[in-house]
Structure formats: C-alpha cells, structure tokens
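The structure under discussion appears below in the form of structure tokens.
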Amino acid sequence: MFSSQAGGTGEEDKSATFTGWAAVPGGNGLLQKWSYHPRPLAAEEVEIEISHCGVCGSDIHFTTEGWGPITRPAIPGHEIVGLVVKRGEDATHQIGDRVGVGCLVACCRGPSVCDWCRKGDDQFCEKKTVTFNSPYKDGRGGISEGGFADRIRVYSDYAFKIPKEISSPDAASFFCAGITTYTPLKRYKAGPNTRLAVIGIGGLGHIALQWAAAMGCREIVAISGRDNKKEEAFKLGATKFINTSDKEQIKEAARSIDLCLCTNASRNNNWEEYLSMMAPLSQLVLLALPEEPITFVGSHLVSQDVAIVGSHLGSKGDIVEMLEFAAKHGVRPWIEKRPFEDCNEACNDVHAGKPRYRIVLEMKPSTSTSTSS
Ligand SMILES: [Zn+2]
Ligand SMILES: [Zn+2]
C-alpha cells in the first residue's frame with residue numbers, strides 16, 4: 001500500500017520513500033505496512049534512520065481512535081531512536097549522531113515565536129506538531145508520521161543527542177515515559193521531604209519509581225491493584241507497597257502522601273480512595289489520560305486541600321536535563337525487545353498490560369546501535 005504523506009496538501013520529496021506500520025482505512029486497528037514520500041528536508045531538519053521505537057499506551061489509544069478520529073493511514077510511534085543520516089545545512093546535528101525523538105517534531109519558529117516557546121515551555125506551543133498524525137503549521141503543509149518506520153525527518157531541535165552511557169534500546173522509553181514522569185517530579189520539587197506515590201507500575205510507573213529513588217524521596221509508595229509486581233516495585237526503588245484491593249491498606253495510608261503520580265488510565269481507578277490517601281496541601285498529578293470522565297465526591301479534596309493537576313510531557317530543556325540525570329544516576333527502563341514486524345502483537349500486549357515494563361521495537365537486521373555519541 002502506498003500513498004502520499006501530505007494527503008495531497010503538502011510538498012513531497014519523491015526521491016525518498018519511508019516505510020512503516022500504519023493504521024490504515026478499514027484496518028480494524030491492525031497496523032499494516034505502508035510507504036510514503038516525506039516532505040522535502042528543510043535546512044533545519046535532519047533525517048534519522050530509526051533503530052528503535054518504544055511502544056506506548058498512547059499509540060494504542062491513538063490507532064484504535066479511543067481519543068477520537070484520526071486521519072488514516074497513520075504511523076504511530078513517539079519513542080524514537082536512530083542515527084542522523086541526512087542533515088539540512090542549518091541543522092544542529094551531524095551525520096552519524098545518535099539521537100532520540102519524543103512526542104513533538106516541531107513548534108513555532110521564525111521571528112515571532114509564541115509566549116510558551118519564548119518561556120521555554122514549547123510543549124504548550126500553539127503551533128506545535130506532535131509526532132504522528134498532526135498537521136505541520138510551518139507553511140509547508142503535510143502531516144506528521146511516527147516512528148514505527150525505517151526513517152523520519154524532524155526539525156533538529158526535536159532530535160536529542162543521547163548520552164554515551166545510555167544504549168539505544170534503553171534510550172527509547174525516555175522520550176515519552178521518561179519525560180512524562182520526570183517533569184512533574186521536578187516541577188513539584190520531589191526530594192528528601194517528599195512522601196511520593198506512584199499509581200500503576202507499568203511503562204511510566206516503573207521509571208517514576210526509579211526517578212524518585214534517585215531524587216532521594218523520603219518514602220516511595222508503589223500503588224497497584226494486584227500484588228504481582230510487588231517484588232519488582234521494591235527493586236525499582238519503592239519503600240512501601242499498597243495493594244488497593246485490600247481496603248485496610250488504603251485506610252492505614254490515610255493522609256500520608258505528599259505527591260502522587262497517577263499513571264493508570266484504566267476505568268478501575270477509584271479516585272475517592274486515592275484522595276483519601278493524600279496529605280493536606282498535596283498534589284495528585286494525572287499523567288495517563290483515561291478515555292472516560294473522572295468522577296469523585298469532593299470531601300477529601302476540600303478537607304485536605306488537595307490539588308488535582310495534569311502534566312503534559314516536558315520542554316526541550318527538560319528532555320536534555322532528564323537524559324543527563326538518567327545517565328548520571330543509572331536510571332534505565334526495563335525493556336523487552338521485539339522486531340518491528342511484531343508491532344501488532346506488541347501493541348496487543350501493551351493494551352493487555354503484559355510488558356515488564358516497556359516494549360521496544362528493534363529494526364532488523366543490523367541498523368547500528370553503537371554508542372557513538
Ligand atoms: Zn507516549
Ligand atoms: Zn510556540
């Protein structure tokens with residue numbers, strides 16, 4: 001199957017063909033091989049030969065249209081690692097640089113940047129282009145395609161050099177799961193005075209526990225509906241485990257959490273119970289986006305002065321800082337590698353919550369994964 005990236009509305013580079021796994025019209029959520037011509041490489045862009053791409057819950061919400069309709073065909077994937085193989089003349093990277101790409105591929109540029117970009121909070125840019133199925137707003141047309149593919153072209157400020165200490169397969173998960181959990185811990189000043197909790201020990205949660213340990217949080221509470229990840233949670237840095245199916249454990253934890261990251265998007269979340277465990281003047285941060293409305297009675301919220309807040313990715317500066325922090329403190333995702341061809345099975349397993357704890361698709365045969373940096 002073959003059609004143009006731009007849906008006929010943008011310029012195409014007919015000399016280049018990129019191939020990936022896309023949600024196609026009538027594809028029942030199954031990804032199929034699909035090729036497209038990318039946009040012409042701009043002066044500030046780089047072309048990346050992809051070696052690895054993580055599989056995130058968002059990829060599945062997206063391809064199954066749980067978050068709303070998409071323009072098909074559409075290639076998911078936003079935890080991308082590879083080597084720069086082409087560069088525009090103004091790009092900040094050199095050929096051979098090992099880089100990663102996360103959830104954004106462009107923000108506003110030119111002489112009049114928006115207030116968010118000026119403040120260094122580009123994740124809120126009004127002209128941002130997310131990594132897949134997002135129209136470019138740079139006047140060149142086209143729509144973005146993600147990293148379940150052999151190649152991608154992005155503005156070079158959205159390709160981040162990977163520290164030599166971090167291998168390519170390990171690096172992938174930082175670009176969504178890593179930054180999503182790192183940013184709120186930084187914003188709400190997690191540290192030695194913090195009793196931190198993480199709800200959901202999965203792709204995001206298992207990295208959050210490691211960040212919290214590296215930041216020296218006073219108490220690190222892993223919260224899950226089952227005991228099957230208890231032992232691993234302690235290995236990841238937890239100092240305490242709460243199984244929410246045991247109501248006694250919830251009662252004992254009343255008003256004991258200063259900062260809580262909720263990484264669980266399932267409909268089984270009991271918001272009343274979570275709020276009961278929050279200490280006065282605490283923050284409950286939503287990182288995963290449930291497909292259903294969130295409902296709760298307000299009594300704990302008011303009497304304990306709890307703030308329920310969201311957190312969206314991180315800025316370019318946060319990503320650079322996070323990679324350095326991970327390199328220095330030995331924070332690494334726990335991953336299972338699978339060939340790209342098995343992306344449908346990988347998505348099914350992520351949907352079923354099976355991975356321990358992140359699946360990273362690997363391009364075969366021997367795309368370089370060396371640690372040149
Ligand atoms: Zn993601
Ligand atoms: Zn902007």
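We name chains A, B, ... following the order of the structure tokens; residues begin at 1 in each chain, and ligands are numbered from 1 as shown.
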**OP:** as a PyMOL selection string, list the residues of range 127-295 of chain A assigned to alpha helix (DSSP H) by DSSP on the backbone atoms of this structure.
**Re:** chain A and resi 168-172+177-187+205-214+230-235+247-252+271-277
**OP:** Kindly compile the residues surrounding ligand 2 within 6 Å, counting only C-alpha atoms and all ligand atoms, and format them as a list in words.
**Re:** Cys107, Cys108, Val113, Cys114, Trp116, Cys117, Asp122, Cys125, Glu126 and Lys127 of chain A
Subject >> 9 Å shell around ligand 1 using only C-alpha atoms and all ligand atoms, listed as a list in words >> reply: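 So the residues close to ligand 1 are Gly54, Val55, Cys56, Gly57, Ser58, Asp59, Gly77, His78, Glu79, Gly102, Cys103, Ser173, Phe175, Cys176, Ala177, Thr180, Leu204 and Leu313 of chain A.
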Go ahead and write the selection's residues with all heavy atoms as a tab-separated table (two decimals), in the first residue's frame.
chain	number	residue	atom	x	y	z
A	54	GLY	N	9.95	2.75	21.06
A	54	GLY	CA	9.17	2.19	22.16
A	54	GLY	C	7.69	2.15	21.80
A	54	GLY	O	7.22	2.89	20.93
A	55	VAL	N	6.95	1.26	22.48
A	55	VAL	CA	5.50	1.19	22.29
A	55	VAL	C	4.84	1.74	23.54
A	55	VAL	O	5.07	1.24	24.65
A	55	VAL	CB	5.03	-0.26	22.05
A	55	VAL	CG1	3.53	-0.29	21.80
A	55	VAL	CG2	5.79	-0.89	20.89
A	56	CYS	N	4.05	2.78	23.36
A	56	CYS	CA	3.42	3.49	24.48
A	56	CYS	C	1.92	3.25	24.43
A	56	CYS	O	1.35	3.06	23.35
A	56	CYS	CB	3.75	4.97	24.33
A	56	CYS	SG	2.92	6.03	25.53
A	57	GLY	N	1.26	3.29	25.59
A	57	GLY	CA	-0.19	3.17	25.62
A	57	GLY	C	-0.87	4.18	24.70
A	57	GLY	O	-1.91	3.90	24.11
A	58	SER	N	-0.26	5.36	24.56
A	58	SER	CA	-0.84	6.39	23.70
A	58	SER	C	-0.93	5.93	22.25
A	58	SER	O	-1.85	6.31	21.52
A	58	SER	CB	0.00	7.67	23.72
A	58	SER	OG	0.14	8.12	25.03
A	59	ASP	N	0.03	5.13	21.81
A	59	ASP	CA	-0.01	4.63	20.43
A	59	ASP	C	-1.29	3.84	20.20
A	59	ASP	O	-1.88	3.88	19.12
A	59	ASP	CB	1.20	3.72	20.15
A	59	ASP	CG	2.51	4.50	20.18
A	59	ASP	OD1	2.56	5.59	19.58
A	59	ASP	OD2	3.48	4.01	20.80
A	77	GLY	N	4.03	5.84	16.99
A	77	GLY	CA	5.41	5.71	17.48
A	77	GLY	C	6.02	7.05	17.82
A	77	GLY	O	6.19	7.89	16.94
A	78	HIS	N	6.36	7.23	19.12
A	78	HIS	CA	6.91	8.53	19.54
A	78	HIS	C	7.97	8.35	20.63
A	78	HIS	O	8.12	9.19	21.50
A	78	HIS	CB	5.78	9.45	20.01
A	78	HIS	CG	4.93	8.82	21.08
A	78	HIS	ND1	3.93	7.92	20.81
A	78	HIS	CD2	4.95	8.96	22.42
A	78	HIS	CE1	3.38	7.53	21.94
A	78	HIS	NE2	3.98	8.14	22.94
A	79	GLU	N	8.65	7.19	20.59
A	79	GLU	CA	9.83	6.97	21.46
A	79	GLU	C	10.92	6.46	20.53
A	79	GLU	O	11.22	5.27	20.50
A	79	GLU	CB	9.52	5.95	22.55
A	79	GLU	CG	8.53	6.45	23.57
A	79	GLU	CD	8.35	5.51	24.77
A	79	GLU	OE1	8.65	4.30	24.64
A	79	GLU	OE2	7.91	5.98	25.83
A	102	GLY	N	10.90	12.47	20.68
A	102	GLY	CA	9.75	12.14	21.52
A	102	GLY	C	8.43	12.51	20.89
A	102	GLY	O	8.17	12.21	19.73
A	103	CYS	N	7.62	13.21	21.67
A	103	CYS	CA	6.23	13.42	21.28
A	103	CYS	C	6.02	14.60	20.35
A	103	CYS	O	4.94	14.76	19.80
A	103	CYS	CB	5.38	13.59	22.53
A	103	CYS	SG	5.54	12.18	23.62
A	173	SER	N	12.59	4.63	25.63
A	173	SER	CA	11.47	4.88	26.55
A	173	SER	C	11.56	6.23	27.27
A	173	SER	O	10.56	6.71	27.80
A	173	SER	CB	11.38	3.76	27.58
A	173	SER	OG	11.43	2.51	26.95
A	175	PHE	N	11.84	9.03	25.93
A	175	PHE	CA	11.30	10.15	25.16
A	175	PHE	C	9.80	10.35	25.33
A	175	PHE	O	9.26	11.37	24.94
A	175	PHE	CB	11.72	10.01	23.69
A	175	PHE	CG	13.19	10.28	23.55
A	175	PHE	CD1	14.11	9.24	23.56
A	175	PHE	CD2	13.66	11.57	23.50
A	175	PHE	CE1	15.47	9.49	23.49
A	175	PHE	CE2	15.01	11.84	23.44
A	175	PHE	CZ	15.93	10.79	23.44
A	176	CYS	N	9.10	9.37	25.93
A	176	CYS	CA	7.73	9.64	26.37
A	176	CYS	C	7.57	9.25	27.84
A	176	CYS	O	7.35	10.10	28.68
A	176	CYS	CB	6.68	8.94	25.51
A	176	CYS	SG	5.01	9.25	26.10
A	177	ALA	N	7.73	7.97	28.15
A	177	ALA	CA	7.54	7.52	29.54
A	177	ALA	C	8.49	8.25	30.48
A	177	ALA	O	8.11	8.65	31.58
A	177	ALA	CB	7.77	6.01	29.64
A	180	THR	N	7.60	12.19	30.68
A	180	THR	CA	6.27	12.39	31.28
A	180	THR	C	6.33	12.26	32.80
A	180	THR	O	5.62	12.96	33.52
A	180	THR	CB	5.29	11.35	30.69
A	180	THR	OG1	5.18	11.60	29.29
A	180	THR	CG2	3.91	11.45	31.32
A	204	LEU	N	5.21	3.78	32.49
A	204	LEU	CA	5.54	5.06	33.13
A	204	LEU	C	5.97	4.85	34.59
A	204	LEU	O	6.98	5.38	35.04
A	204	LEU	CB	4.34	6.02	33.10
A	204	LEU	CG	4.21	6.95	31.89
A	204	LEU	CD1	4.03	6.18	30.60
A	204	LEU	CD2	3.06	7.93	32.08
A	313	LEU	N	3.97	16.02	29.18
A	313	LEU	CA	5.33	15.88	28.63
A	313	LEU	C	6.33	16.72	29.40
A	313	LEU	O	6.32	16.79	30.61
A	313	LEU	CB	5.34	16.26	27.13
A	313	LEU	CG	4.27	15.56	26.28
A	313	LEU	CD1	4.27	16.11	24.86
A	313	LEU	CD2	4.50	14.07	26.27
**OP:** Identify which of the residues A:Ile201, A:Ile335, A:Ile207, A:Leu287 lies closest to Asn228 in chain A, counting only C-alpha atoms when measuring atom-to-atom distances.
**Re:** A:Ile201
With a cut-off of 12 Å, could you pull out the residues of range 271-354 of chain A touching range 237-242 of chain A and give me the nearest pair of atoms for each, distance in Å to one decimal, using only C-alpha atoms, ordered by chain and ascending number, as a tab-separated table?
residue	atom	partner	partner_atom	distance
A:Glu273	CA	A:Ile242	CA	11.7
A:Tyr274	CA	A:Ile242	CA	11.0
A:Met277	CA	A:Ile242	CA	10.7
A:Val331	CA	A:Gly237	CA	10.6
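Relative to CA of Cys343 in chain A, CA of Leu361 in chain A is found at 7.1 Å.
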May I have the residues within 6 Å of range 18-32 of chain A as a PDB file with C-alpha atoms, in the first residue's frame, using only C-alpha atoms and disregarding those fewer than 2 positions away in the same chain?
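Produced file selection-v7.pdb, reproduced below:
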ATOM      1  CA  TRP A  34       2.668   1.408   4.313  1.00  0.00           C
ATOM      2  CA  SER A  35       5.061   3.664   2.422  1.00  0.00           C
ATOM      3  CA  TYR A  36       5.025   7.396   1.886  1.00  0.00           C
ATOM      4  CA  THR A  63      -4.622   3.837  16.500  1.00  0.00           C
ATOM      5  CA  THR A  64      -7.864   2.476  17.992  1.00  0.00           C
ATOM      6  CA  ARG A  72      -5.591   7.279   8.039  1.00  0.00           C
ATOM      7  CA  PRO A  73      -3.137   5.928   7.050  1.00  0.00           C
ATOM      8  CA  ALA A  74      -1.212   6.980  10.143  1.00  0.00           C
ATOM      9  CA  ILE A  75       2.052   5.630  11.519  1.00  0.00           C
ATOM     10  CA  PHE A 148       7.099   2.684  13.697  1.00  0.00           C
ATOM     11  CA  ALA A 149       9.067   3.149  10.499  1.00  0.00           C
ATOM     12  CA  ASP A 150      12.501   2.941   8.938  1.00  0.00           C
ATOM     13  CA  ARG A 151      13.071   6.696   8.815  1.00  0.00           C
TER      14      ARG A 151
END
Original post:
Quick one, how far is CA of Val198 in chain A from CA of Pro293 in chain A?
Top reply: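 Atom-to-atom, CA of Val198 in chain A to CA of Pro293 in chain A, that is 20.8 Å.
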**OP:** Name the closest residue to Val285 in chain A among the candidates A:His329, A:Lys128, A:Lys230, A:Arg187; distances are taken between atoms, counting only C-alpha atoms.
**Re:**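 Using only C-alpha atoms, the shortest distance to Val285 in chain A belongs to A:Arg187.
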Subject >> Residue contacts of range 305-310 of chain A (6 Å, only C-alpha atoms) excluding same-chain residues fewer than 3 positions away, as number ranges by chain >> reply: A: 280-286, 301-302
